[in-house]
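To start, the structure itself, in structure tokens.
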Amino acid sequence: MAILTNSAVRVEPRLDKARHIKYWTRCLKTYLPHHYTGNDSNRMYLAYFIVAALDLLDALDTASTGPERKDHVNWIYRCQHPDGGFRMWPGTDFGERANETNAQWDPANVPGTYFALACLLILDDDFKRVKRKQCLRWLQKMQREDGSFGETLVRGQIEGGRDPRFAYCATGIRHMLRGESAGCISLNGQLVKDFDVDGLVRCVRAAEAFDGGIADEPFHEPHAGYTFCSLGAVALLGRLNTPDDRTTSNLNAPAAPQSVLGWLVSRQTEFTDPDSSLDTEFRKTGVAPNAQHAEGEHVSSSRGDATKQPIHQDPGESVGDSIFDLLVDGAGMNGRTNKVADTCYAFWVGASLDILKCSTLSDQSAVRCYLLGKTQHDVLGGFGKFPGDLPDLYHSYLGLAALSLAGSHQVKALDAGMCLSKNARRRLPKMWEAWAVEDRTDLS
């Protein structure tokens with residue numbers, strides 16, 4: 001941890017809530033910076049970050065009107081695929097020109113479906129327009145024989161990787177549309193089969209690494225993001241092993257929860273800049289601080305075309321420029337062994353610990369200090385990837401989510417397993433009850 005002088009008083013920095021609300025309102029109501037142009041076909045996940053962030057800040061109702069939120073809901077349903085699931089955007093919908101030949105260019109998308117349903121839940125939609133039966137049957141087709149899930153279905157072929165990101169999204173879809181029921185269920189008088197839950201659990205167990213983390217595939221390096229997705233998936237399935245509660249009635253995961261826990265706790269670090277030192281607030285050279293330009297982009301003053309520079313700066317260039325960096329006793333989280341801290345991993349690790357019911361094993365105060373004192377942008381609002389970075393949607397949302405898990409009372413309580421507010425998730429049981437009544441009526 002950074003060392004404070006005897007006369008220094010540790011004052012935890014605070015979330016500049018007004019600036020964050022302004023940042024997210026701007027993202028909601030104006031064009032995003034040009035860096036997001038390449039994500040035009042992934043609009044659903046951008047919408048998720050924006051809507052979920054304003055909800056965590058308790059500003060969704062003030063940043064938008066009732067008719068605007070209704071329009072948001074209608075846009076999401078505009079992305080629903082007729083054969084089940086949701087697209088990431090409406091741009092691939094051929095409408096009346098759709099046929100078997102061009103269907104390969106317009107598949108439903110597993111992450112897009114999760115983000116769409118999560119947005120609808122946050123916006124307090126009743127899911128009555130969701131094609132539940134078609135969606136659940138499509139979801140079953142997205143699982144491979146080895147238990148893993150893909151991203152899209154093209155010409156009957158499952159496309160996309162085998163890593164647990166898709167499995168997490170698939171279990172989230174299943175959870176929202178089926179509730180806690182397992183096996184076959186009846187929808188509109190027709191039986192809908194479940195996917196292979198045991199097969200997915202076996203995938204998670206097989207990817208557990210020797211040092212405790214969980215990887216994307218067996219024998220790969222463990223990663224905090226994959227660890228979260230794996231734990232989140234089995235938790236949503238009701239198949240989670242925790243260090244204090246290892247159920248033996250079903251095949252559960254992880255196989256070694258204590259080992260996973262030890263790996264997660266080891267992710268906390270104050271290592272934010274491998275090339276800087278703590279003995280002075282001044283740079284060792286006379287070079288002026290690097291200029292920062294468009295959102296999320298760090299551009300050295302000696303470099304050329306800003307549009308060709310990366311969204312995030314190298315962590316080696318993320319040097320604190322004020323004495324405040326020496327006084328903030330903060331420690332963030334990294335995603336892999338011997339890596340620097342990064343805003344997003346404060347969520348991936350913090351949420352994993354929360355799912356395992358061991359969130360207090362990390363220094364939550366140090367996490368808050370890291371986020372609020374080092375990666376929060378004090379002019380624009382939002383969070384950057386590294387200290388000194390400009391904000392971007394991904395890190396700005398996960399920064400808020402991590403703050404909630406780290407005990408901040410300036411944002412709503414977060415449900416770690418679904419990465420949205422607990423208020424939003426509490427709407428699910430009421431829908432499940434209504435569906436149960438409808439299903440019983442259909443059977444009678």
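Residues in the structure tokens are numbered from 1 in each chain, the chains being A, B, ... in the order shown, and ligands are numbered from 1 in the order shown.
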Selection near Val201 (chain A), 9 Å with only C-alpha atoms, sequence-local residues under 6 positions removed, as JSON, numbers by chain: {"A": [147, 230, 233, 234, 239, 251, 252, 253, 254]}
Output for the residues just chosen: N, CA and C atoms as a compact mmCIF listing (two decimals), in the first residue's frame:
```txt
# COMPACT_ATOMS: atom_id res chain seq x y z
N GLY A 147 -20.96 -29.78 -23.82
CA GLY A 147 -21.55 -28.97 -22.77
C GLY A 147 -21.33 -27.48 -22.92
N SER A 230 -17.73 -18.45 -15.09
CA SER A 230 -17.93 -19.83 -14.68
C SER A 230 -18.70 -19.92 -13.38
N ALA A 233 -22.28 -18.73 -13.86
CA ALA A 233 -23.11 -19.70 -14.58
C ALA A 233 -23.61 -20.79 -13.66
N VAL A 234 -22.71 -21.40 -12.90
CA VAL A 234 -23.15 -22.50 -12.03
C VAL A 234 -24.03 -21.99 -10.89
N ARG A 239 -25.97 -24.80 -9.04
CA ARG A 239 -24.97 -25.88 -8.97
C ARG A 239 -23.63 -25.38 -8.43
N LEU A 251 -24.04 -32.86 -9.47
CA LEU A 251 -22.71 -32.52 -9.96
C LEU A 251 -22.58 -31.01 -9.91
N ASN A 252 -21.73 -30.51 -9.03
CA ASN A 252 -21.57 -29.07 -8.83
C ASN A 252 -20.17 -28.61 -9.19
N ALA A 253 -19.98 -27.32 -9.21
CA ALA A 253 -18.67 -26.73 -9.50
C ALA A 253 -18.53 -25.42 -8.71
N PRO A 254 -17.31 -24.98 -8.46
CA PRO A 254 -16.05 -25.62 -8.85
C PRO A 254 -15.75 -26.84 -7.98
```
Region 184-215 of chain A: residues DSSP assigns to strand (DSSP E or B), reported as a ChimeraX atom specification: /A:185-187,190-192,208,214
Residue selection dump (C-alpha atoms) as a short mmCIF file (atom, residue, chain, number, x, y, z; two decimals), in the first residue's frame:
```cif
data_model
loop_
_atom_site.label_atom_id
_atom_site.label_comp_id
_atom_site.auth_asym_id
_atom_site.auth_seq_id
_atom_site.Cartn_x
_atom_site.Cartn_y
_atom_site.Cartn_z
CA ILE A 185 -41.45 -27.31 -18.63
CA SER A 186 -44.76 -26.60 -20.34
CA LEU A 187 -45.17 -23.39 -22.35
CA GLN A 190 -46.10 -27.59 -25.29
CA LEU A 191 -43.15 -29.22 -23.57
CA VAL A 192 -39.82 -27.38 -23.74
CA GLU A 208 -10.15 -25.31 -13.25
CA ILE A 214 -10.70 -20.97 -13.89
#
```
Write out, as CSV, each residue of region 74-120 of chain A that has an atom at most 12 Å from region 427-433 of chain A, together with the closest pair of atoms and their distance in Å to one decimal, counting only C-alpha atoms, rows going by chain and rising number.
```
residue,atom,partner,partner_atom,distance
A:Leu117,CA,A:Leu428,CA,11.1
A:Ala118,CA,A:Leu428,CA,10.7
A:Leu120,CA,A:Arg427,CA,10.8
```
Between CA of Gly85 (chain A) and CA of Phe115 (chain A), distance in Å (one decimal):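 Answer for the CA of Gly85 (chain A) to CA of Phe115 (chain A) separation: 10.8 Å.
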Which of region 144-186 of chain A DSSP labels alpha helix (DSSP H), written as a VMD selection string: chain A and resid 164 to 178
Please save all heavy atoms of the selected residues as a compact mmCIF listing (two decimals), in the first residue's frame.
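Wrote it out as out.txt, contents follow:
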```
# COMPACT_ATOMS: atom_id res chain seq x y z
N PRO A 164 -16.40 -19.67 -21.23
CA PRO A 164 -17.58 -19.55 -20.35
C PRO A 164 -18.35 -18.24 -20.46
O PRO A 164 -19.39 -18.11 -19.82
CB PRO A 164 -16.98 -19.72 -18.94
CG PRO A 164 -15.54 -19.32 -19.09
CD PRO A 164 -15.15 -19.77 -20.47
N ARG A 165 -17.89 -17.30 -21.26
CA ARG A 165 -18.69 -16.08 -21.44
C ARG A 165 -20.05 -16.43 -22.06
O ARG A 165 -21.09 -15.91 -21.63
CB ARG A 165 -17.95 -15.08 -22.34
CG ARG A 165 -16.72 -14.45 -21.71
CD ARG A 165 -15.97 -13.59 -22.69
NE ARG A 165 -15.46 -14.36 -23.82
CZ ARG A 165 -14.80 -13.84 -24.84
NH1 ARG A 165 -14.57 -12.53 -24.87
NH2 ARG A 165 -14.36 -14.61 -25.83
N PHE A 166 -20.05 -17.30 -23.05
CA PHE A 166 -21.30 -17.69 -23.69
C PHE A 166 -22.14 -18.56 -22.76
O PHE A 166 -23.37 -18.48 -22.75
CB PHE A 166 -21.02 -18.42 -25.01
CG PHE A 166 -20.23 -17.61 -25.98
CD1 PHE A 166 -19.05 -18.11 -26.54
CD2 PHE A 166 -20.61 -16.32 -26.33
CE1 PHE A 166 -18.31 -17.35 -27.43
CE2 PHE A 166 -19.87 -15.54 -27.21
CZ PHE A 166 -18.71 -16.07 -27.77
N ALA A 167 -21.46 -19.40 -21.98
CA ALA A 167 -22.18 -20.23 -21.01
C ALA A 167 -22.87 -19.37 -19.96
O ALA A 167 -24.01 -19.64 -19.56
CB ALA A 167 -21.22 -21.21 -20.34
N TYR A 168 -22.17 -18.33 -19.51
CA TYR A 168 -22.77 -17.42 -18.52
C TYR A 168 -24.02 -16.75 -19.08
O TYR A 168 -25.07 -16.70 -18.42
CB TYR A 168 -21.75 -16.37 -18.09
CG TYR A 168 -22.36 -15.25 -17.27
CD1 TYR A 168 -22.68 -15.44 -15.94
CD2 TYR A 168 -22.63 -14.01 -17.85
CE1 TYR A 168 -23.26 -14.42 -15.18
CE2 TYR A 168 -23.20 -12.99 -17.11
CZ TYR A 168 -23.52 -13.20 -15.78
OH TYR A 168 -24.10 -12.20 -15.05
N CYS A 169 -23.91 -16.24 -20.30
CA CYS A 169 -25.07 -15.58 -20.93
C CYS A 169 -26.21 -16.57 -21.11
O CYS A 169 -27.38 -16.24 -20.90
CB CYS A 169 -24.67 -14.96 -22.26
SG CYS A 169 -23.55 -13.55 -22.13
N ALA A 170 -25.89 -17.80 -21.50
CA ALA A 170 -26.92 -18.82 -21.71
C ALA A 170 -27.64 -19.15 -20.41
O ALA A 170 -28.88 -19.26 -20.39
CB ALA A 170 -26.28 -20.08 -22.30
N THR A 171 -26.90 -19.28 -19.32
CA THR A 171 -27.55 -19.59 -18.04
C THR A 171 -28.37 -18.39 -17.55
O THR A 171 -29.39 -18.57 -16.90
CB THR A 171 -26.51 -19.99 -16.98
OG1 THR A 171 -25.54 -18.95 -16.84
CG2 THR A 171 -25.82 -21.29 -17.37
N GLY A 172 -27.91 -17.18 -17.86
CA GLY A 172 -28.68 -16.00 -17.49
C GLY A 172 -30.01 -15.95 -18.24
O GLY A 172 -31.05 -15.61 -17.66
N ILE A 173 -29.98 -16.29 -19.53
CA ILE A 173 -31.21 -16.35 -20.32
C ILE A 173 -32.15 -17.40 -19.75
O ILE A 173 -33.35 -17.16 -19.55
CB ILE A 173 -30.88 -16.68 -21.79
CG1 ILE A 173 -30.04 -15.56 -22.42
CG2 ILE A 173 -32.15 -16.90 -22.60
CD1 ILE A 173 -29.37 -15.96 -23.73
N ARG A 174 -31.60 -18.58 -19.50
CA ARG A 174 -32.40 -19.67 -18.92
C ARG A 174 -33.02 -19.25 -17.60
O ARG A 174 -34.19 -19.52 -17.33
CB ARG A 174 -31.49 -20.89 -18.71
CG ARG A 174 -32.17 -22.08 -18.02
CD ARG A 174 -31.13 -23.15 -17.69
NE ARG A 174 -31.69 -24.32 -17.07
CZ ARG A 174 -31.92 -24.45 -15.76
NH1 ARG A 174 -31.64 -23.44 -14.94
NH2 ARG A 174 -32.43 -25.57 -15.26
N HIS A 175 -32.21 -18.59 -16.75
CA HIS A 175 -32.70 -18.17 -15.43
C HIS A 175 -33.86 -17.19 -15.55
O HIS A 175 -34.89 -17.33 -14.86
CB HIS A 175 -31.56 -17.53 -14.65
CG HIS A 175 -31.93 -17.07 -13.28
ND1 HIS A 175 -32.13 -17.94 -12.23
CD2 HIS A 175 -32.14 -15.82 -12.78
CE1 HIS A 175 -32.44 -17.26 -11.14
NE2 HIS A 175 -32.45 -15.97 -11.45
N MET A 176 -33.72 -16.22 -16.44
CA MET A 176 -34.78 -15.21 -16.57
C MET A 176 -36.05 -15.78 -17.18
O MET A 176 -37.16 -15.39 -16.79
CB MET A 176 -34.27 -14.02 -17.39
CG MET A 176 -33.32 -13.12 -16.62
SD MET A 176 -32.83 -11.61 -17.52
CE MET A 176 -31.43 -12.22 -18.47
N LEU A 177 -35.93 -16.72 -18.10
CA LEU A 177 -37.10 -17.20 -18.83
C LEU A 177 -37.70 -18.49 -18.26
O LEU A 177 -38.82 -18.85 -18.63
CB LEU A 177 -36.75 -17.42 -20.30
CG LEU A 177 -36.34 -16.18 -21.09
CD1 LEU A 177 -36.14 -16.51 -22.56
CD2 LEU A 177 -37.38 -15.07 -20.93
N ARG A 178 -36.98 -19.18 -17.39
CA ARG A 178 -37.50 -20.42 -16.80
C ARG A 178 -37.65 -20.34 -15.30
O ARG A 178 -38.34 -21.17 -14.70
CB ARG A 178 -36.55 -21.58 -17.12
CG ARG A 178 -36.49 -22.04 -18.55
CD ARG A 178 -35.46 -23.16 -18.68
NE ARG A 178 -35.75 -24.25 -17.78
CZ ARG A 178 -36.25 -25.43 -18.16
NH1 ARG A 178 -36.51 -25.65 -19.44
NH2 ARG A 178 -36.47 -26.38 -17.28
```
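For the residues A:Val197, A:Leu371, A:Ala346, A:Val411, ranking by smallest atom-to-atom distance to Ala18 (chain A) using only C-alpha atoms places A:Val411 first.
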Shell around region 26-29 of chain A at 10 Å using only C-alpha atoms, local window under 3 positions removed, as an MDAnalysis selection string: chainID A and resid 20:23 32:33 46:47 49:51 54 63:64 392:393
